[in-house]
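Chemist: I am sharing coords-v1.csv, which consists of CSV, C-alpha atoms and all ligand atoms:
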```csv
chain,number,residue,atom,x,y,z
A,1,LYS,CA,-11.7,118.3,5.4
A,2,ARG,CA,-10.7,121.1,3.0
A,3,HIS,CA,-7.5,121.6,1.0
A,4,LEU,CA,-6.5,124.0,-1.7
A,5,ILE,CA,-4.6,122.0,-4.4
A,6,SER,CA,-5.8,123.5,-7.7
A,7,ALA,CA,-7.5,126.6,-8.9
A,8,ALA,CA,-10.0,124.2,-10.4
A,9,ASP,CA,-11.1,123.2,-6.9
A,10,LEU,CA,-12.8,126.7,-6.6
A,11,THR,CA,-16.3,127.5,-7.7
A,12,ARG,CA,-17.0,131.1,-8.6
A,13,ASP,CA,-18.6,131.6,-5.2
A,14,ASP,CA,-15.6,130.1,-3.4
A,15,ALA,CA,-13.2,132.4,-5.3
A,16,VAL,CA,-15.3,135.5,-4.7
A,17,LEU,CA,-15.6,134.6,-1.0
A,18,ILE,CA,-11.8,134.3,-0.8
A,19,LEU,CA,-11.3,137.7,-2.6
A,20,ASP,CA,-13.9,139.4,-0.4
A,21,THR,CA,-12.3,137.9,2.7
A,22,ALA,CA,-8.9,139.1,1.5
A,23,GLU,CA,-10.4,142.7,1.2
A,24,GLU,CA,-11.3,142.5,4.9
A,25,MET,CA,-7.9,141.1,5.7
A,26,ALA,CA,-6.3,144.0,3.8
A,27,ARG,CA,-8.3,146.4,6.0
A,28,VAL,CA,-6.7,144.7,9.1
A,29,ALA,CA,-3.3,145.2,7.6
A,30,ASP,CA,-4.0,149.0,7.4
A,31,ARG,CA,-4.6,149.2,11.1
A,32,PRO,CA,-1.8,150.2,13.5
A,33,ILE,CA,-2.0,146.7,15.1
A,34,LYS,CA,-2.1,144.2,12.3
A,35,LYS,CA,-2.9,141.0,14.3
A,36,LEU,CA,-6.1,139.0,14.7
A,37,PRO,CA,-6.5,136.3,17.3
A,38,THR,CA,-8.4,134.0,15.0
A,39,LEU,CA,-5.9,131.2,14.7
A,40,ARG,CA,-4.4,131.3,18.1
A,41,GLY,CA,-3.3,127.8,19.2
A,42,ARG,CA,-3.2,126.5,15.6
A,43,THR,CA,0.0,125.5,13.9
A,44,VAL,CA,0.8,126.2,10.3
A,45,VAL,CA,3.9,124.5,8.7
A,46,ASN,CA,5.6,126.0,5.7
A,47,LEU,CA,7.1,122.9,4.0
A,48,PHE,CA,9.3,124.2,1.2
A,49,PHE,CA,11.2,121.7,-1.0
A,50,GLU,CA,11.9,124.4,-3.6
A,51,ASP,CA,13.3,127.9,-3.3
A,52,SER,CA,10.9,130.8,-2.6
A,53,THR,CA,11.1,134.4,-1.5
A,54,ARG,CA,7.6,135.8,-1.8
A,55,THR,CA,5.4,132.8,-1.2
A,56,ARG,CA,7.2,131.5,1.9
A,57,ILE,CA,7.5,134.9,3.5
A,58,SER,CA,3.9,135.9,2.8
A,59,PHE,CA,2.5,132.6,4.1
A,60,GLU,CA,4.6,133.2,7.3
A,61,ALA,CA,3.4,136.8,7.6
A,62,ALA,CA,-0.2,135.7,6.9
A,63,ALA,CA,-0.2,133.0,9.6
A,64,LYS,CA,1.4,135.2,12.1
A,65,ARG,CA,-1.1,138.0,11.5
A,66,LEU,CA,-3.8,135.5,12.3
A,67,SER,CA,-1.8,134.6,15.6
A,68,ALA,CA,-1.0,131.0,14.4
A,69,ASP,CA,2.2,129.3,15.5
A,70,VAL,CA,4.4,128.9,12.4
A,71,ILE,CA,7.0,126.3,11.7
A,72,ASN,CA,9.3,126.9,8.7
A,73,PHE,CA,10.7,123.8,7.1
A,74,SER,CA,13.2,124.1,4.2
A,75,ALA,CA,14.4,120.9,2.5
A,76,LYS,CA,17.9,122.4,2.3
A,77,GLY,CA,19.5,121.8,5.7
A,78,SER,CA,16.9,119.1,6.6
A,79,SER,CA,17.0,115.3,6.7
A,80,VAL,CA,15.6,115.3,3.1
A,81,SER,CA,19.2,115.8,2.0
A,82,LYS,CA,19.9,112.4,3.8
A,83,GLY,CA,17.2,110.7,1.7
A,84,GLU,CA,14.2,111.1,3.9
A,85,SER,CA,11.0,110.6,2.0
A,86,LEU,CA,7.9,112.9,1.7
A,87,LYS,CA,6.0,110.4,3.7
A,88,ASP,CA,8.4,110.3,6.6
A,89,THR,CA,8.7,114.1,6.6
A,90,ALA,CA,4.9,114.4,6.6
A,91,LEU,CA,4.6,111.9,9.5
A,92,THR,CA,7.2,114.0,11.5
A,93,LEU,CA,5.1,117.1,10.9
A,94,GLU,CA,1.9,115.3,11.9
A,95,ALA,CA,3.6,114.3,15.2
A,96,MET,CA,4.2,118.0,15.8
A,97,GLY,CA,0.4,118.7,15.4
A,98,ALA,CA,0.3,120.6,12.1
A,99,ASP,CA,-3.2,122.0,11.5
A,100,ALA,CA,-2.2,123.2,8.0
A,101,VAL,CA,0.7,122.3,5.7
A,102,VAL,CA,1.7,124.8,3.1
A,103,ILE,CA,3.8,122.8,0.6
A,104,ARG,CA,6.0,123.8,-2.3
A,105,HIS,CA,7.6,120.9,-4.2
A,106,GLY,CA,9.4,120.4,-7.5
A,107,ALA,CA,7.2,117.4,-8.3
A,108,SER,CA,3.8,118.2,-9.9
A,109,GLY,CA,1.2,116.4,-7.8
A,110,ALA,CA,3.2,116.3,-4.4
A,111,PRO,CA,0.5,118.5,-2.6
A,112,TYR,CA,-2.3,116.2,-3.9
A,113,ARG,CA,-0.3,113.1,-2.7
A,114,LEU,CA,0.0,114.8,0.7
A,115,ALA,CA,-3.7,115.7,0.9
A,116,THR,CA,-4.9,112.2,-0.1
A,117,SER,CA,-2.3,110.0,1.6
A,118,GLY,CA,-3.7,110.0,5.2
A,119,TRP,CA,-0.2,110.8,6.4
A,120,ILE,CA,-1.4,114.1,7.9
A,121,ASP,CA,-4.7,115.3,9.3
A,122,GLY,CA,-4.3,119.0,8.6
A,123,ALA,CA,-5.4,121.1,5.6
A,124,VAL,CA,-2.9,121.1,2.7
A,125,VAL,CA,-2.3,124.3,0.7
A,126,ASN,CA,-0.4,124.1,-2.6
A,127,ALA,CA,2.3,126.8,-2.7
A,128,GLY,CA,3.5,125.7,-6.1
A,129,ASP,CA,4.1,122.2,-7.4
A,130,GLY,CA,6.5,121.6,-10.4
A,131,THR,CA,4.9,122.9,-13.6
A,132,HIS,CA,1.4,122.1,-12.4
A,133,GLU,CA,-0.3,124.8,-10.2
A,134,HIS,CA,0.2,127.8,-7.8
A,135,PRO,CA,-3.4,128.5,-6.8
A,136,THR,CA,-2.7,131.2,-4.1
A,137,GLN,CA,-0.6,133.1,-6.7
A,138,ALA,CA,-3.7,133.1,-9.0
A,139,LEU,CA,-5.9,134.3,-6.2
A,140,LEU,CA,-3.6,137.2,-5.3
A,141,ASP,CA,-3.3,138.1,-9.0
A,142,ALA,CA,-7.1,138.1,-9.3
A,143,PHE,CA,-7.3,140.2,-6.1
A,144,THR,CA,-4.9,142.7,-7.6
A,145,MET,CA,-6.8,142.8,-10.9
A,146,ARG,CA,-10.2,143.2,-9.2
A,147,ARG,CA,-8.8,146.1,-7.2
A,148,ARG,CA,-7.2,147.8,-10.1
A,149,LEU,CA,-9.7,147.0,-12.9
A,150,VAL,CA,-13.1,146.9,-11.0
A,151,GLY,CA,-12.3,148.9,-7.8
A,152,ALA,CA,-11.8,147.7,-4.2
A,153,ASP,CA,-15.3,148.5,-2.9
A,154,ALA,CA,-17.2,148.2,-6.2
A,155,GLY,CA,-15.4,144.8,-6.7
A,156,THR,CA,-16.7,143.2,-3.6
A,157,GLY,CA,-19.0,140.3,-4.4
A,158,ARG,CA,-17.9,140.4,-8.0
A,159,GLY,CA,-15.7,138.5,-10.4
A,160,LEU,CA,-13.7,139.8,-13.4
A,161,ASP,CA,-16.4,139.5,-16.0
A,162,GLY,CA,-15.3,140.5,-19.5
A,163,ARG,CA,-11.9,141.7,-18.4
A,164,ARG,CA,-9.2,140.8,-21.0
A,165,ILE,CA,-6.1,139.3,-19.5
A,166,THR,CA,-3.0,138.5,-21.5
A,167,ILE,CA,-0.3,136.2,-20.1
A,168,VAL,CA,3.0,136.3,-21.9
A,169,GLY,CA,6.1,134.1,-21.8
A,170,ASP,CA,7.2,130.6,-20.7
A,171,ILE,CA,3.7,129.1,-20.4
A,172,LEU,CA,5.2,125.6,-20.8
A,173,HIS,CA,6.9,125.6,-17.4
A,174,SER,CA,4.5,128.0,-15.6
A,175,ARG,CA,2.3,126.8,-12.8
A,176,VAL,CA,1.3,130.4,-12.4
A,177,ALA,CA,-0.1,130.5,-15.9
A,178,ARG,CA,-2.1,127.3,-15.5
A,179,SER,CA,-3.7,128.4,-12.2
A,180,ASN,CA,-4.4,131.9,-13.6
A,181,VAL,CA,-6.1,130.5,-16.7
A,182,LEU,CA,-8.4,128.3,-14.6
A,183,LEU,CA,-9.2,130.9,-12.0
A,184,LEU,CA,-9.7,133.8,-14.4
A,185,HIS,CA,-12.0,131.7,-16.5
A,186,THR,CA,-14.0,130.9,-13.4
A,187,LEU,CA,-14.2,134.6,-12.6
A,188,GLY,CA,-15.5,135.4,-16.1
A,189,ALA,CA,-12.4,137.0,-17.6
A,190,GLN,CA,-11.1,136.3,-21.2
A,191,VAL,CA,-7.5,135.0,-21.2
A,192,THR,CA,-5.1,135.1,-24.1
A,193,LEU,CA,-1.7,133.4,-23.8
A,194,VAL,CA,1.2,134.7,-25.9
A,195,ALA,CA,4.4,132.7,-26.1
A,196,PRO,CA,7.0,131.3,-28.6
A,197,PRO,CA,5.6,128.1,-30.1
A,198,THR,CA,8.3,126.1,-28.2
A,199,LEU,CA,7.0,127.4,-24.9
A,200,VAL,CA,3.4,126.5,-25.3
A,201,PRO,CA,2.3,123.3,-23.6
A,202,ILE,CA,0.8,120.3,-25.5
A,203,GLY,CA,-3.0,120.2,-25.0
A,204,VAL,CA,-3.3,124.0,-24.5
A,205,GLU,CA,-6.3,123.8,-27.0
A,206,ASN,CA,-8.2,122.2,-24.1
A,207,TRP,CA,-7.5,125.1,-21.8
A,208,PRO,CA,-10.3,127.8,-21.5
A,209,CYS,CA,-8.3,130.5,-23.2
A,210,GLU,CA,-7.0,131.7,-26.6
A,211,VAL,CA,-3.4,131.5,-27.8
A,212,SER,CA,-1.5,134.1,-29.9
A,213,TYR,CA,2.0,134.4,-31.1
A,214,ASP,CA,1.8,138.1,-31.8
A,215,LEU,CA,2.2,140.2,-28.7
A,216,ASP,CA,1.9,143.6,-30.5
A,217,ALA,CA,-1.5,142.6,-31.8
A,218,VAL,CA,-2.8,141.6,-28.4
A,219,LEU,CA,-1.5,144.5,-26.3
A,220,PRO,CA,-4.1,147.1,-27.4
A,221,LYS,CA,-6.9,144.7,-26.4
A,222,SER,CA,-5.6,143.9,-22.9
A,223,ASP,CA,-6.8,145.2,-19.5
A,224,ALA,CA,-3.9,143.5,-17.8
A,225,VAL,CA,-0.7,142.0,-19.2
A,226,MET,CA,1.1,139.4,-17.0
A,227,MET,CA,4.7,138.8,-17.9
A,228,LEU,CA,6.3,135.5,-17.0
A,229,ARG,CA,9.9,134.6,-16.3
A,230,VAL,CA,11.7,132.1,-18.7
A,231,GLN,CA,12.3,129.2,-16.3
A,232,ARG,CA,15.8,128.2,-17.4
A,233,GLU,CA,16.2,125.9,-14.4
A,234,ARG,CA,13.4,123.6,-15.9
A,235,MET,CA,14.9,123.6,-19.4
A,236,ASN,CA,17.5,121.7,-21.2
A,237,ALA,CA,20.3,124.3,-22.0
A,238,ALA,CA,20.0,123.5,-25.7
A,239,PHE,CA,16.5,125.0,-25.7
A,240,PHE,CA,17.4,128.3,-24.0
A,241,PRO,CA,16.1,131.2,-26.1
A,242,THR,CA,18.7,133.9,-26.5
A,243,GLU,CA,18.0,136.9,-24.4
A,244,ARG,CA,18.1,139.3,-27.3
A,245,GLU,CA,15.9,137.3,-29.6
A,246,TYR,CA,13.4,136.6,-26.8
A,247,SER,CA,13.1,140.2,-25.5
A,248,ARG,CA,12.7,141.5,-29.1
A,249,ARG,CA,9.7,139.2,-29.8
A,250,TYR,CA,8.2,138.7,-26.4
A,251,GLY,CA,9.7,141.2,-23.9
A,252,LEU,CA,7.8,144.2,-22.6
A,253,ASP,CA,9.6,147.5,-23.0
A,254,GLY,CA,8.4,151.1,-22.8
A,255,ASP,CA,7.4,151.3,-26.5
A,256,ARG,CA,5.3,148.1,-26.3
A,257,MET,CA,3.7,149.3,-23.0
A,258,ALA,CA,2.6,152.4,-24.8
A,259,ARG,CA,0.4,150.2,-27.1
A,260,MET,CA,-1.7,149.1,-24.1
A,261,PRO,CA,-4.9,151.0,-23.2
A,262,GLU,CA,-4.3,153.8,-20.7
A,263,HIS,CA,-6.0,152.0,-17.8
A,264,ALA,CA,-4.2,148.7,-18.4
A,265,ILE,CA,-1.8,147.3,-15.9
A,266,VAL,CA,1.4,145.3,-16.1
A,267,MET,CA,1.7,142.3,-13.7
A,268,HIS,CA,4.6,140.0,-12.8
A,269,PRO,CA,4.5,137.2,-10.2
A,270,GLY,CA,8.3,137.5,-9.6
A,271,PRO,CA,11.0,136.7,-9.6
A,272,MET,CA,11.7,139.0,-12.6
A,273,ASN,CA,14.5,138.7,-15.1
A,274,ARG,CA,14.9,142.4,-15.9
A,275,GLY,CA,16.2,142.8,-19.4
A,276,MET,CA,14.7,139.5,-20.6
A,277,GLU,CA,10.9,139.5,-20.3
A,278,ILE,CA,10.5,143.0,-18.9
A,279,THR,CA,12.7,146.1,-19.0
A,280,ALA,CA,13.7,148.0,-15.9
A,281,GLU,CA,11.7,151.0,-17.3
A,282,VAL,CA,8.5,148.9,-17.3
A,283,ALA,CA,9.2,147.0,-14.0
A,284,ASP,CA,9.7,150.3,-12.2
A,285,SER,CA,6.8,152.2,-13.8
A,286,ASP,CA,3.6,153.1,-12.0
A,287,ARG,CA,1.7,150.7,-14.2
A,288,CYS,CA,3.6,147.7,-12.9
A,289,THR,CA,1.9,146.0,-9.9
A,290,ALA,CA,4.7,143.5,-9.0
A,291,VAL,CA,5.3,145.0,-5.5
A,292,GLU,CA,1.5,145.5,-4.9
A,293,GLN,CA,1.0,141.8,-5.8
A,294,VAL,CA,3.4,140.8,-3.0
A,295,ALA,CA,1.5,143.0,-0.5
A,296,ASN,CA,-1.8,141.6,-1.7
A,297,GLY,CA,-0.3,138.1,-1.3
A,298,VAL,CA,-0.3,138.5,2.5
A,299,SER,CA,-4.0,139.5,2.6
A,300,THR,CA,-5.0,136.7,0.2
A,301,ARG,CA,-3.1,134.0,2.1
A,302,MET,CA,-4.6,135.3,5.3
A,303,ALA,CA,-8.0,134.8,3.7
A,304,VAL,CA,-7.1,131.2,2.6
A,305,LEU,CA,-5.8,130.2,6.0
A,306,TYR,CA,-8.7,131.8,7.8
A,307,LEU,CA,-11.3,130.1,5.6
A,308,LEU,CA,-9.5,126.7,5.8
A,309,LEU,CA,-8.8,126.7,9.5
A,310,GLY,CA,-10.8,129.5,11.1
A,311,GLY,CA,-14.2,128.3,10.0
A,312,ASN,CA,-16.5,130.0,7.6
A,313,GLU,CA,-18.6,133.1,7.0
A,314,SER,CA,-20.5,132.5,10.3
A,315,ALA,CA,-17.2,132.4,12.3
A,316,VAL,CA,-15.6,135.5,13.7
A,317,SER,CA,-15.7,138.1,11.0
A,318,PRO,CA,-12.2,139.5,10.5
A,319,THR,CA,-13.5,143.1,10.6
A,320,ASN,CA,-15.5,142.5,13.8
A,321,ALA,CA,-12.8,140.5,15.6
A,322,ARG,CA,-10.9,142.4,18.2
A,323,THR,CA,-7.3,143.1,17.4
A,324,GLU,CA,-4.6,142.4,20.0
B,401,LIG,N1,5.7,134.3,-7.3
B,401,LIG,C1,6.4,133.3,-6.6
B,401,LIG,O1,5.9,132.2,-6.4
B,401,LIG,O2,7.6,133.8,-6.1
B,401,LIG,P1,8.5,132.9,-5.1
B,401,LIG,O3,9.1,131.8,-6.0
B,401,LIG,O4,9.6,133.9,-4.7
B,401,LIG,O5,7.7,132.4,-4.0
```
Can I see the file as structure tokens?
Ligand code: CP
Modeler:
Amino acid sequence: KRHLISAADLTRDDAVLILDTAEEMARVADRPIKKLPTLRGRTVVNLFFEDSTRTRISFEAAAKRLSADVINFSAKGSSVSKGESLKDTALTLEAMGADAVVIRHGASGAPYRLATSGWIDGAVVNAGDGTHEHPTQALLDAFTMRRRLVGADAGTGRGLDGRRITIVGDILHSRVARSNVLLLHTLGAQVTLVAPPTLVPIGVENWPCEVSYDLDAVLPKSDAVMMLRVQRERMNAAFFPTEREYSRRYGLDGDRMARMPEHAIVMHPGPMNRGMEITAEVADSDRCTAVEQVANGVSTRMAVLYLLLGGNESAVSPTNARTE
């Protein structure tokens, strides 16, 4: 049985196959009728214990475009608020015949626990666990970078060899940063993290990347600059950086963006704190791919669900399958 818990689970071939399949899925999305019958009769459960806009909606759209039945579970308003455990919630979903469970949870390791517990039979997809990982975000980010920096058709079958990616901000609390570092390294990119010293995790020296505290020095050497939100909800209030000081040192404004090479893009996984890590001028500029990343998230998550549930390369090719 296959799951997607960590970006580290993916070999280069796995990752390139997902990105190439996502390209095929994106072509389906361009058709007048956007649905494939591939997962008809299968059930995908979105199990969200933490808030989400993009990830939950795009997994729902992805599953529906593959004709799966979708059950959306949100901890708010469920029996979790009465003290029900992850195990009993999982057993309930199993009784409903879940073929895949897409889980977001505040506890790092919750998706791994679900995948290895034996409580459910279906595939488990990590949609963000605590400060640990968010592998489908890293995949959609890599898909966006490959399209923009390598070229959609030229990129097929390829990774991101030699591309220089800078990730800026609250690395300490960022599951997006960790998954991106792992996946980008697998795909051959060179990653530099830029953050205040207080927002760099212990043990970062063992990550396959470099660390800098000087954003202005790194920008001219970047092909993509990914800005991260300061996650105040995971911080003790005493450690909140002031907005003014943070944005002066680590925020991306128009002047800083001008230091980037002409071809370089600005990325943000969302949600954005406009005025803190990114100004409205940059967020709304043509160089910012934040909205494109959301659209690419649907194609990428279609690819993940298709490969986990629909079979493999020898199964129905999404481009050959009839639409309905
Ligand atoms: N990027 C991301 O995970 O956004 P959501 O929290 O809205 O899902």
Chemist: May I have the residues within 7 Å of region 242-254 of chain A as a list of chain:residue names, using all atoms listed in the file and disregarding those fewer than 2 positions away in the same chain?
Modeler: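 Here the answer would be A:Gly169, A:Leu215, A:Phe240, A:Arg256, A:Met257, A:Ala258, A:Met276, A:Glu277, A:Ile278, A:Thr279, A:Glu281, A:Val282.
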Chemist: With C-alpha atoms kept, could you save the residues just selected as a PDB file, in the coordinates of the input?
Modeler:
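And here's selection_27.pdb as it stands now:
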```pdb
ATOM      1  CA  GLY A 169       6.100 134.100 -21.800  1.00  0.00           C
ATOM      2  CA  LEU A 215       2.200 140.200 -28.700  1.00  0.00           C
ATOM      3  CA  PHE A 240      17.400 128.300 -24.000  1.00  0.00           C
ATOM      4  CA  ARG A 256       5.300 148.100 -26.300  1.00  0.00           C
ATOM      5  CA  MET A 257       3.700 149.300 -23.000  1.00  0.00           C
ATOM      6  CA  ALA A 258       2.600 152.400 -24.800  1.00  0.00           C
ATOM      7  CA  MET A 276      14.700 139.500 -20.600  1.00  0.00           C
ATOM      8  CA  GLU A 277      10.900 139.500 -20.300  1.00  0.00           C
ATOM      9  CA  ILE A 278      10.500 143.000 -18.900  1.00  0.00           C
ATOM     10  CA  THR A 279      12.700 146.100 -19.000  1.00  0.00           C
ATOM     11  CA  GLU A 281      11.700 151.000 -17.300  1.00  0.00           C
ATOM     12  CA  VAL A 282       8.500 148.900 -17.300  1.00  0.00           C
TER      13      VAL A 282
END
```
Chemist: Between CA of Arg27 (chain A) and CA of Val304 (chain A), what distance in Å does the model show, to one decimal?
Modeler: 15.6 Å
Chemist: Let me make sure I understand: among A:His268, A:Lys64, A:Lys87, A:His132, which one has the smallest atom-to-atom distance to Val168 (chain A) if we use all atoms listed in the file?
Modeler: A:His268
Chemist: Of the candidates A:Leu219, A:Ala115, A:Leu305, A:Val80, which shows the shortest atom-to-atom distance to Glu50 (chain A), using only C-alpha atoms?
Modeler: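 Closest residue, counting only C-alpha atoms: A:Val80.
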Chemist: Compare A:Asp214, A:Asp153, A:Asp121, A:Asp141 by their minimum atom-to-atom distance to Val266 (chain A), counting all atoms listed in the file, and give me the closest one.
Modeler: A:Asp141
Chemist: Identify, counting all atoms listed in the file, the protein, DNA and RNA residues located within 9 Å of ligand LIG 401 (chain B), and give them as a JSON list (two decimals) with C-alpha atoms, in the frame of the given file.
Modeler:
```
[["chain", "number", "residue", "atom", "x", "y", "z"],
["A", 50, "GLU", "CA", 11.90, 124.40, -3.60],
["A", 51, "ASP", "CA", 13.30, 127.90, -3.30],
["A", 52, "SER", "CA", 10.90, 130.80, -2.60],
["A", 53, "THR", "CA", 11.10, 134.40, -1.50],
["A", 54, "ARG", "CA", 7.60, 135.80, -1.80],
["A", 55, "THR", "CA", 5.40, 132.80, -1.20],
["A", 56, "ARG", "CA", 7.20, 131.50, 1.90],
["A", 57, "ILE", "CA", 7.50, 134.90, 3.50],
["A", 58, "SER", "CA", 3.90, 135.90, 2.80],
["A", 104, "ARG", "CA", 6.00, 123.80, -2.30],
["A", 127, "ALA", "CA", 2.30, 126.80, -2.70],
["A", 128, "GLY", "CA", 3.50, 125.70, -6.10],
["A", 134, "HIS", "CA", 0.20, 127.80, -7.80],
["A", 136, "THR", "CA", -2.70, 131.20, -4.10],
["A", 137, "GLN", "CA", -0.60, 133.10, -6.70],
["A", 176, "VAL", "CA", 1.30, 130.40, -12.40],
["A", 268, "HIS", "CA", 4.60, 140.00, -12.80],
["A", 269, "PRO", "CA", 4.50, 137.20, -10.20],
["A", 270, "GLY", "CA", 8.30, 137.50, -9.60],
["A", 271, "PRO", "CA", 11.00, 136.70, -9.60],
["A", 293, "GLN", "CA", 1.00, 141.80, -5.80],
["A", 294, "VAL", "CA", 3.40, 140.80, -3.00]]
```
Chemist: What is the CA of Thr300 (chain A)-CA of Leu140 (chain A) distance in Å, reported with one decimal?
Modeler: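 If I compute the distance from CA of Thr300 (chain A) to CA of Leu140 (chain A), I get 5.7 Å.
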Chemist: What's around Met235 (chain A) at 12 Å? Count only C-alpha atoms, leave out sequence neighbours fewer than 5 positions away in its own chain, and write the answer as a VMD selection string.
Modeler: chain A and resid 131 170 172 to 174 198 to 199 230 240 to 241
Chemist: In Å, with one decimal, what is the gap from CA of Gly83 (chain A) to CA of Gly118 (chain A)?
Modeler: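 If I compute the distance from CA of Gly83 (chain A) to CA of Gly118 (chain A), I get 21.2 Å.
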Chemist: Which is closer to Ser78 (chain A) than all the others in A:Gly97, A:Leu47, A:Asp255, A:His105, using only C-alpha atoms?
Modeler: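 The answer is A:Leu47, which sits nearest to Ser78 (chain A).
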Chemist: Between A:Ala98, A:Met260, A:Leu139, A:Ala224, which has the minimum distance to Leu4 (chain A) (counting all atoms listed in the file)?
Modeler: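 Smallest distance to Leu4 (chain A) is found for A:Leu139.
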Chemist: Counting only C-alpha atoms, figure out which residue out of A:Arg146, A:Arg40, A:Arg163, A:His3 gets nearest to Asp20 (chain A).
Modeler: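 With only C-alpha atoms as the atom set, the closest residue is A:Arg146.
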Chemist: List as a count of residues only the protein and nucleic acid residues near Gly310 (chain A), meaning an atom at most 12 Å away when all atoms listed in the file are counted, but skip any in the same chain fewer than 5 places from it.
Modeler: 25
Chemist: With a distance cut-off of 12 Å and all atoms listed in the file, select the neighbouring residues of Gly157 (chain A), excluding the residue or stretch itself and same-chain residues fewer than 4 positions from it, and output the selection as JSON, numbers by chain.
Modeler: {"A": [12, 13, 14, 15, 16, 17, 18, 19, 20, 21, 22, 23, 143, 146, 150, 151, 152, 153, 161, 187]}
